[in-house]
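The structure appears right after this line, and notes come after that.
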Amino acid sequence: MNERIVAKRPADTDTGARRGVPAARPAPEAPIPPTTEAEKKAPHVRPGDRIFRGLATGSGVFIVVLIGAIGLFLLIQAIPSLALDKVNFLTSREWSTGDVNNMRYGILDLLLVTVVSSAFALLIAMPIALGIALFLTQYAPRRLARPFAYVIDLLAAVPSIIYGLWGLFVLGPVLTPIGQWLTSTLGFIPLFAEGNVSIEFGGTIFTAGIVLAVMILPIITAVTREVFDRTPPAHVEGAIALGATKWEVVRTTVLPFGKAGYVSASMLGLGRALGETIALTIILSATGTAFGWSLFDGGATFASKIALAAPEFNDPRSAGAYIAAGLVLFVLTFLVNAAARSIVAGHKEYE
Amino acid sequence: MAKRIDVKDLNLFYGKFHAVDGVSLAVPPRSVTAFIGPSGCGKSTVLRSLNRMHEVAPGARVEGKVLLDGEDIYASSIDPVQVRRTIGMVFQRPNPFPTMSIRDNVVAGLKLAGVKNKKKLDEVAERSLRGANLWNEVKDRLDRPGGGLSGGQQQRLCIARAIAVQPDVLLMDEPCSALDPISTLAIEDLITELKKEYTIVIVTHNMQQAARVSDQTAFFNLLGVGQPGRLIEVDDTEKIFSNPSQKATEDYISGRFG
């Protein structure tokens with residue numbers, strides 16, 4: 001890494017110099033300059049700078065290589081199994097990988113359950129997180145804001161297995177009457193229709209989504225709070241001096257300033273929800289029926305499906321099917337993050 | 001328009017710290033009053049108390065009276081938000097709202113006051129930008145973000161924003177300290193224009209500026225570290241800069257101090 005940078009730099013300077021003074025340089029010297037230039041330039045680059053630059057570049061390259069390697073690994077492991085798939089991998093709702101000579105599996109149901117449960121969680125968590133962040137940064141007295149923020153952060157420290165158990169044994173029963181009411185009164189809307197698993201048991205996407213919402217709430221809140229806290233005081237004062245009320249100050253300065261951060265925080269939360277494994281493995285009831293677009297369906301997400309199938313991994317061909325599913329999850333999370341980045345990039349005027 | 005200000009025995013505090021002690025002064029309408037004095041003497045604090053911005057800081061407290069045409073803006077029946085709508089303020093660093101277009105920046109105050117009529121808003125935007133000597137420079141790019149302007153243009157945009165609501169008084173807190181000499185000149189010319197219609201109070205560290213633009217000058221000083229700032233004297237600008245009645249003032253303006 002270092003060598004490349006050191007070698008490159010004088011070369012660049014040289015072309016610049018040559019462009020600047022083309023006539024002054026005698027022809028025979030032309031091939032030599034890179035070395036002489038390098039010698040002349042060398043003392044200007046302090047060793048500390050060079051080492052630090054090398055370390056920083058190395059770390060940056062390392063992470064890119066790592067992600068590339070993970071993607072490559074997933075792809076290499078998945079391809080042989082995908083070749084054995086008897087149905088369309090992307091559009092099939094079947095999943096049977098037990099008999100390696102007749103593997104029929106597709107990710108459609110997994111994809112839908114993953115996306116719907118995460119989107120539902122995001123829908124619940126986003127407004128609450130926004131409210132908490134605004135409260136903590138704008139309305140709460142300083143003395144209260146700090147401990148309150150710690151409590152929110154603490155939510156992130158609860159292990160997800162605890163959330164799973166809590167969702168199944170505490171939240172599930174509590175939600176049962178609500179679920180029954182929703183299916184009986186709003187059942188005509190597909191989202192609230194009678195699902196393919198028992199509501200009494202609570203293993204529905206509805207329960208899972210609410211648990212996920214609680215799990216991603218601290219991430220979204222923490223990042224949003226940080227961003228809101230960084231609203232330039234000059235803009236806040238400008239708004240106040242124009243006769244803005246507290247809420248108008250928030251609307252004219254804090255929200256426009258923090259919007260991009262809030263959206264990317266939410267995407268970060270979504271990324272976590274998409275990949276959440278153990279809590280959903282515990283909560284979601286297995287079902288043989290396909291996902292029917294109801295929140296009261298059961299099923300499995302990518303991650304919970306893979307976790308449940310751990311015993312099957314002794315055969316590389318069936319394991320490959322799950323790795324292929326994992327690859328789709330990887331791409332999905334990647335896309336979500338890319339979307340978040342592009343949204344943030346669209347709001348550059350504040351940077 | 002253009003109201004007079006009477007400050008009566010004003011004491012300002014940040015928490016337990018007594019920042020300004022017993023200031024009394026009168027600002028006549030349609031005039032420019034300059035506040036000068038060393039850093040930390042409380043001149044900005046006094047300025048910010050004139051539109052109730054001082055109390056925005058946590059723990060800040062005000063004692064005494066500020067009368068706007070005889071009406072105490074600190075009376076319990078007065079809403080600080082209303083006060084700030086009638087007394088405009090321009091800050092040290094230009095602070096246009098970066099997500100808003102130039103036009104929206106100018107009419108931000110009117111929109112807050114509930115004006116929705118687009119024609120009226122456009123009219124006010126043009127009038128205010130002309131008033132701030134910025135119209136010719138930005139008339140073709142009113143929909144571009146205000147942050148894209150130069151520092152001097154941004155500051156004039158902020159002045160346009162402040163005068164768009166036709167305030168009774170215009171407060172300026174070192175409006176030129178972040179600007180180059182040419183932009184400073186533009187703002188000073190503008191201040192001279194604006195005083196025909198507005199009562200202006202300006203804080204400045206630049207004594208030549210005070211001498212150039214103001215009719216009346218108030219000199220603030222503090223006796224020592226940790227002591228509250230005081231108003232040493234207030235008089236016609238000409239008198240302050242030629243023949244001040246206090247020795248401290250003379251020392252300060254002749255550069256023998258701070």
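Naming scheme: A, B, ... for chains in displayed order of the structure tokens; residues 1 onward per chain; ligands 1 onward as shown.
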Using only C-alpha atoms and a cut-off of 10 Å, which residues of chain A sit close to chain B? Please list them as a ChimeraX atom specification. /A:141-142,232-246,248-249,252-253,256-257,347-351
Written file, previous selection with N, CA and C atoms, as an mmCIF file, in the first residue's frame:
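Below is the file out.cif, written as the result:
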data_model
loop_
_atom_site.group_PDB
_atom_site.id
_atom_site.type_symbol
_atom_site.label_atom_id
_atom_site.label_comp_id
_atom_site.auth_asym_id
_atom_site.auth_seq_id
_atom_site.Cartn_x
_atom_site.Cartn_y
_atom_site.Cartn_z
ATOM 1 N N PRO A 141 -36.043 18.746 30.156
ATOM 2 C CA PRO A 141 -35.020 19.488 30.895
ATOM 3 C C PRO A 141 -33.707 18.702 30.865
ATOM 4 N N ARG A 142 -32.588 19.423 30.778
ATOM 5 C CA ARG A 142 -31.274 18.780 30.643
ATOM 6 C C ARG A 142 -31.063 17.666 31.651
ATOM 7 N N PRO A 232 -27.261 23.558 14.077
ATOM 8 C CA PRO A 232 -26.448 24.739 14.371
ATOM 9 C C PRO A 232 -27.236 25.751 15.203
ATOM 10 N N PRO A 233 -26.686 26.173 16.349
ATOM 11 C CA PRO A 233 -27.409 27.118 17.211
ATOM 12 C C PRO A 233 -27.750 28.406 16.478
ATOM 13 N N ALA A 234 -26.901 28.785 15.498
ATOM 14 C CA ALA A 234 -27.161 30.027 14.764
ATOM 15 C C ALA A 234 -28.504 29.958 14.039
ATOM 16 N N HIS A 235 -28.837 28.779 13.505
ATOM 17 C CA HIS A 235 -30.101 28.660 12.790
ATOM 18 C C HIS A 235 -31.275 28.669 13.763
ATOM 19 N N VAL A 236 -31.068 28.013 14.899
ATOM 20 C CA VAL A 236 -32.123 27.999 15.905
ATOM 21 C C VAL A 236 -32.392 29.437 16.371
ATOM 22 N N GLU A 237 -31.304 30.175 16.646
ATOM 23 C CA GLU A 237 -31.466 31.562 17.091
ATOM 24 C C GLU A 237 -32.134 32.410 16.020
ATOM 25 N N GLY A 238 -31.730 32.163 14.757
ATOM 26 C CA GLY A 238 -32.342 32.908 13.657
ATOM 27 C C GLY A 238 -33.845 32.726 13.646
ATOM 28 N N ALA A 239 -34.270 31.486 13.842
ATOM 29 C CA ALA A 239 -35.704 31.212 13.831
ATOM 30 C C ALA A 239 -36.389 31.849 15.037
ATOM 31 N N ILE A 240 -35.743 31.738 16.196
ATOM 32 C CA ILE A 240 -36.349 32.332 17.398
ATOM 33 C C ILE A 240 -36.491 33.839 17.219
ATOM 34 N N ALA A 241 -35.434 34.471 16.663
ATOM 35 C CA ALA A 241 -35.456 35.918 16.507
ATOM 36 C C ALA A 241 -36.531 36.368 15.526
ATOM 37 N N LEU A 242 -36.955 35.459 14.637
ATOM 38 C CA LEU A 242 -38.027 35.815 13.708
ATOM 39 C C LEU A 242 -39.396 35.650 14.350
ATOM 40 N N GLY A 243 -39.407 35.221 15.600
ATOM 41 C CA GLY A 243 -40.676 35.042 16.283
ATOM 42 C C GLY A 243 -41.264 33.666 16.068
ATOM 43 N N ALA A 244 -40.390 32.664 16.019
ATOM 44 C CA ALA A 244 -40.886 31.300 15.882
ATOM 45 C C ALA A 244 -41.172 30.728 17.258
ATOM 46 N N THR A 245 -42.269 29.983 17.370
ATOM 47 C CA THR A 245 -42.541 29.286 18.620
ATOM 48 C C THR A 245 -41.655 28.048 18.660
ATOM 49 N N LYS A 246 -41.666 27.383 19.794
ATOM 50 C CA LYS A 246 -40.827 26.194 19.961
ATOM 51 C C LYS A 246 -41.043 25.205 18.805
ATOM 52 N N GLU A 248 -42.295 25.772 15.894
ATOM 53 C CA GLU A 248 -41.872 26.332 14.606
ATOM 54 C C GLU A 248 -40.357 26.303 14.459
ATOM 55 N N VAL A 249 -39.657 26.479 15.572
ATOM 56 C CA VAL A 249 -38.198 26.342 15.527
ATOM 57 C C VAL A 249 -37.837 24.924 15.102
ATOM 58 N N THR A 252 -38.671 24.546 11.351
ATOM 59 C CA THR A 252 -37.875 25.272 10.358
ATOM 60 C C THR A 252 -36.385 24.958 10.439
ATOM 61 N N THR A 253 -35.893 24.511 11.589
ATOM 62 C CA THR A 253 -34.446 24.278 11.668
ATOM 63 C C THR A 253 -34.093 22.833 12.019
ATOM 64 N N PRO A 256 -35.501 20.021 9.218
ATOM 65 C CA PRO A 256 -34.774 20.009 7.945
ATOM 66 C C PRO A 256 -33.312 19.620 8.117
ATOM 67 N N PHE A 257 -32.711 20.071 9.208
ATOM 68 C CA PHE A 257 -31.301 19.739 9.431
ATOM 69 C C PHE A 257 -31.135 18.245 9.708
ATOM 70 N N HIS A 347 -29.216 15.354 0.466
ATOM 71 C CA HIS A 347 -29.413 16.504 1.354
ATOM 72 C C HIS A 347 -28.079 17.121 1.725
ATOM 73 N N LYS A 348 -27.254 17.335 0.726
ATOM 74 C CA LYS A 348 -25.892 17.782 1.017
ATOM 75 C C LYS A 348 -25.799 19.249 1.430
ATOM 76 N N GLU A 349 -26.817 20.033 1.177
ATOM 77 C CA GLU A 349 -26.664 21.478 1.372
ATOM 78 C C GLU A 349 -26.282 21.846 2.794
ATOM 79 N N TYR A 350 -26.504 20.945 3.738
ATOM 80 C CA TYR A 350 -26.182 21.250 5.122
ATOM 81 C C TYR A 350 -24.741 20.924 5.480
ATOM 82 N N GLU A 351 -24.108 20.110 4.674
ATOM 83 C CA GLU A 351 -22.769 19.619 5.056
ATOM 84 C C GLU A 351 -21.747 20.742 5.001
#
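Taking only range 63-229 of chain A, the residues that DSSP calls strand (DSSP E or B) from the backbone come to Trp95, Ser96, Arg104 and Tyr105 of chain A.
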Quick one: write out the picked residues with N, CA and C atoms as a PDB file, in the first residue's frame?
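part16.pdb, freshly written:
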ATOM      1  N   TRP A  95     -40.397 -24.871   0.012  1.00  0.00           N
ATOM      2  CA  TRP A  95     -39.064 -24.989   0.618  1.00  0.00           C
ATOM      3  C   TRP A  95     -38.875 -26.422   1.107  1.00  0.00           C
ATOM      4  N   SER A  96     -38.328 -27.281   0.263  1.00  0.00           N
ATOM      5  CA  SER A  96     -37.968 -28.598   0.754  1.00  0.00           C
ATOM      6  C   SER A  96     -36.583 -28.948   0.243  1.00  0.00           C
ATOM      7  N   ARG A 104     -36.511 -28.648  -3.875  1.00  0.00           N
ATOM      8  CA  ARG A 104     -37.425 -27.654  -4.439  1.00  0.00           C
ATOM      9  C   ARG A 104     -37.509 -26.520  -3.429  1.00  0.00           C
ATOM     10  N   TYR A 105     -36.899 -25.424  -3.770  1.00  0.00           N
ATOM     11  CA  TYR A 105     -36.960 -24.310  -2.815  1.00  0.00           C
ATOM     12  C   TYR A 105     -36.917 -22.964  -3.527  1.00  0.00           C
TER      13      TYR A 105
END
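The spacing separating CA of Ser92 in chain A from CA of Ala324 in chain A amounts to 13.7 Å.
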Can you tell me, as a PyMOL selection string, what residues are no more than 12 Å from Arg146 in chain A when counting only C-alpha atoms, ignoring any on the same chain fewer than 2 positions away? chain A and resi 133+135-137+140-144+148-153+222+225
Since we have the selection now, will you write its residues out, keeping C-alpha atoms, as a PDB file, in the first residue's frame?
ATOM      1  CA  ALA A 133     -35.485  12.269  19.911  1.00  0.00           C
ATOM      2  CA  PHE A 135     -38.414  15.281  23.325  1.00  0.00           C
ATOM      3  CA  LEU A 136     -34.879  14.553  24.494  1.00  0.00           C
ATOM      4  CA  THR A 137     -33.213  17.296  22.465  1.00  0.00           C
ATOM      5  CA  ALA A 140     -36.859  17.610  28.147  1.00  0.00           C
ATOM      6  CA  PRO A 141     -35.020  19.488  30.895  1.00  0.00           C
ATOM      7  CA  ARG A 142     -31.274  18.780  30.643  1.00  0.00           C
ATOM      8  CA  ARG A 143     -31.261  16.962  33.945  1.00  0.00           C
ATOM      9  CA  LEU A 144     -33.891  14.513  32.745  1.00  0.00           C
ATOM     10  CA  PHE A 148     -33.622   9.112  29.863  1.00  0.00           C
ATOM     11  CA  ALA A 149     -31.249   8.704  26.935  1.00  0.00           C
ATOM     12  CA  TYR A 150     -29.304   6.068  28.870  1.00  0.00           C
ATOM     13  CA  VAL A 151     -32.470   4.096  29.459  1.00  0.00           C
ATOM     14  CA  ILE A 152     -33.221   4.147  25.724  1.00  0.00           C
ATOM     15  CA  ASP A 153     -29.673   3.014  24.968  1.00  0.00           C
ATOM     16  CA  ALA A 222     -29.823   7.344  19.461  1.00  0.00           C
ATOM     17  CA  ARG A 225     -30.955  12.375  18.862  1.00  0.00           C
TER      18      ARG A 225
END
Give me, as a PyMOL selection string, all polymer residues having an atom no more than 10 Å from range 235-242 of chain B, counting only C-alpha atoms and skipping those fewer than 4 positions away in the same chain. chain B and resi 25+32-34+207-208+210-219+246+249-250+253-254
For the selection you just gave me, I'd like the residues written to a file as an mmCIF file, in the first residue's frame, keeping C-alpha atoms.
data_model
loop_
_atom_site.group_PDB
_atom_site.id
_atom_site.type_symbol
_atom_site.label_atom_id
_atom_site.label_comp_id
_atom_site.auth_asym_id
_atom_site.auth_seq_id
_atom_site.Cartn_x
_atom_site.Cartn_y
_atom_site.Cartn_z
ATOM 1 C CA LEU B 25 -30.630 54.342 28.130
ATOM 2 C CA VAL B 32 -28.777 54.339 14.859
ATOM 3 C CA THR B 33 -27.393 53.621 18.282
ATOM 4 C CA ALA B 34 -24.057 51.833 18.495
ATOM 5 C CA MET B 207 -15.025 51.962 16.371
ATOM 6 C CA GLN B 208 -14.688 53.525 12.929
ATOM 7 C CA ALA B 210 -19.632 53.119 15.096
ATOM 8 C CA ALA B 211 -18.395 56.572 14.194
ATOM 9 C CA ARG B 212 -19.519 56.174 10.556
ATOM 10 C CA VAL B 213 -23.009 54.804 10.971
ATOM 11 C CA SER B 214 -24.375 55.780 14.370
ATOM 12 C CA ASP B 215 -26.063 58.872 15.708
ATOM 13 C CA GLN B 216 -25.659 57.863 19.302
ATOM 14 C CA THR B 217 -23.014 55.683 20.935
ATOM 15 C CA ALA B 218 -23.137 53.774 24.199
ATOM 16 C CA PHE B 219 -19.878 52.668 25.765
ATOM 17 C CA GLN B 246 -15.648 59.762 31.061
ATOM 18 C CA THR B 249 -14.357 56.071 27.288
ATOM 19 C CA GLU B 250 -11.538 58.248 26.100
ATOM 20 C CA ILE B 253 -11.595 54.900 21.895
ATOM 21 C CA SER B 254 -8.037 56.190 21.753
#
Skipping near chain neighbours, those fewer than 3 positions away, what residues fall within 12 Å of Gly226 in chain B using only C-alpha atoms, listed as JSON, numbers by chain? {"B": [16, 17, 18, 19, 20, 40, 41, 42, 222, 223, 229]}
Which of range 18-236 of chain B counts as helix (DSSP H, G or I) under DSSP, as a PyMOL selection string please? chain B and resi 43-49+54-56+80-86+102-106+108-112+118-131+135-141+146-148+151-164+181-194+207-213
Any idea what's packed within 10 Å of range 66-79 of chain A, counting only C-alpha atoms, ignoring anything in its chain fewer than 4 positions away? Could you give it as number ranges by chain? A: 61-62, 83-85, 316-328, 330-331
Dump N, CA and C atoms for the selected residues as a compact mmCIF listing (two decimals), in the first residue's frame?
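Printed below is part.txt as written:
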# COMPACT_ATOMS: atom_id res chain seq x y z
N VAL A 61 -9.46 -0.30 2.89
CA VAL A 61 -9.41 -1.36 1.89
C VAL A 61 -9.83 -2.69 2.51
N PHE A 62 -9.38 -2.91 3.76
CA PHE A 62 -9.68 -4.16 4.44
C PHE A 62 -11.18 -4.40 4.51
N ALA A 83 -28.03 -24.83 -8.75
CA ALA A 83 -28.10 -25.64 -9.96
C ALA A 83 -28.99 -26.86 -9.74
N LEU A 84 -29.06 -27.34 -8.49
CA LEU A 84 -29.86 -28.54 -8.19
C LEU A 84 -31.33 -28.20 -7.93
N ASP A 85 -31.63 -26.89 -7.84
CA ASP A 85 -33.00 -26.47 -7.51
C ASP A 85 -33.95 -26.84 -8.65
N PRO A 316 -23.58 -30.42 2.21
CA PRO A 316 -23.29 -29.10 1.61
C PRO A 316 -24.34 -28.67 0.60
N ARG A 317 -25.03 -29.67 -0.03
CA ARG A 317 -26.00 -29.28 -1.06
C ARG A 317 -27.23 -28.63 -0.44
N SER A 318 -27.72 -29.19 0.66
CA SER A 318 -28.88 -28.53 1.29
C SER A 318 -28.44 -27.28 2.03
N ALA A 319 -27.24 -27.33 2.61
CA ALA A 319 -26.74 -26.11 3.27
C ALA A 319 -26.65 -24.98 2.25
N GLY A 320 -26.24 -25.33 1.03
CA GLY A 320 -26.11 -24.33 -0.03
C GLY A 320 -27.40 -23.60 -0.31
N ALA A 321 -28.52 -24.30 -0.17
CA ALA A 321 -29.82 -23.67 -0.40
C ALA A 321 -30.02 -22.53 0.60
N TYR A 322 -29.64 -22.81 1.85
CA TYR A 322 -29.80 -21.78 2.88
C TYR A 322 -28.81 -20.65 2.67
N ILE A 323 -27.64 -21.02 2.20
CA ILE A 323 -26.65 -19.97 1.93
C ILE A 323 -27.16 -19.07 0.80
N ALA A 324 -27.82 -19.67 -0.16
CA ALA A 324 -28.40 -18.86 -1.24
C ALA A 324 -29.43 -17.89 -0.67
N ALA A 325 -30.24 -18.38 0.28
CA ALA A 325 -31.21 -17.50 0.93
C ALA A 325 -30.48 -16.38 1.68
N GLY A 326 -29.39 -16.77 2.34
CA GLY A 326 -28.60 -15.78 3.06
C GLY A 326 -28.03 -14.73 2.12
N LEU A 327 -27.66 -15.18 0.93
CA LEU A 327 -27.13 -14.24 -0.06
C LEU A 327 -28.17 -13.19 -0.43
N VAL A 328 -29.43 -13.65 -0.58
CA VAL A 328 -30.49 -12.70 -0.90
C VAL A 328 -30.66 -11.69 0.23
N PHE A 330 -28.39 -10.76 2.29
CA PHE A 330 -27.20 -9.91 2.21
C PHE A 330 -27.42 -8.79 1.19
N VAL A 331 -27.91 -9.18 0.01
CA VAL A 331 -28.15 -8.20 -1.05
C VAL A 331 -29.23 -7.21 -0.61
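Pairwise distance (CA of Leu149 in chain B, CA of Val106 in chain B) equals 13.6 Å.
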Could you name the residues that touch Val62 in chain B at 8 Å or less, counting only C-alpha atoms, but leaving out those on the same chain fewer than 6 positions away, as a PyMOL selection string? chain B and resi 10-13+49+55
Grab the CA of Glu233 in chain B to CA of Phe220 in chain B distance for me, in Å with one decimal place. 7.3 Å
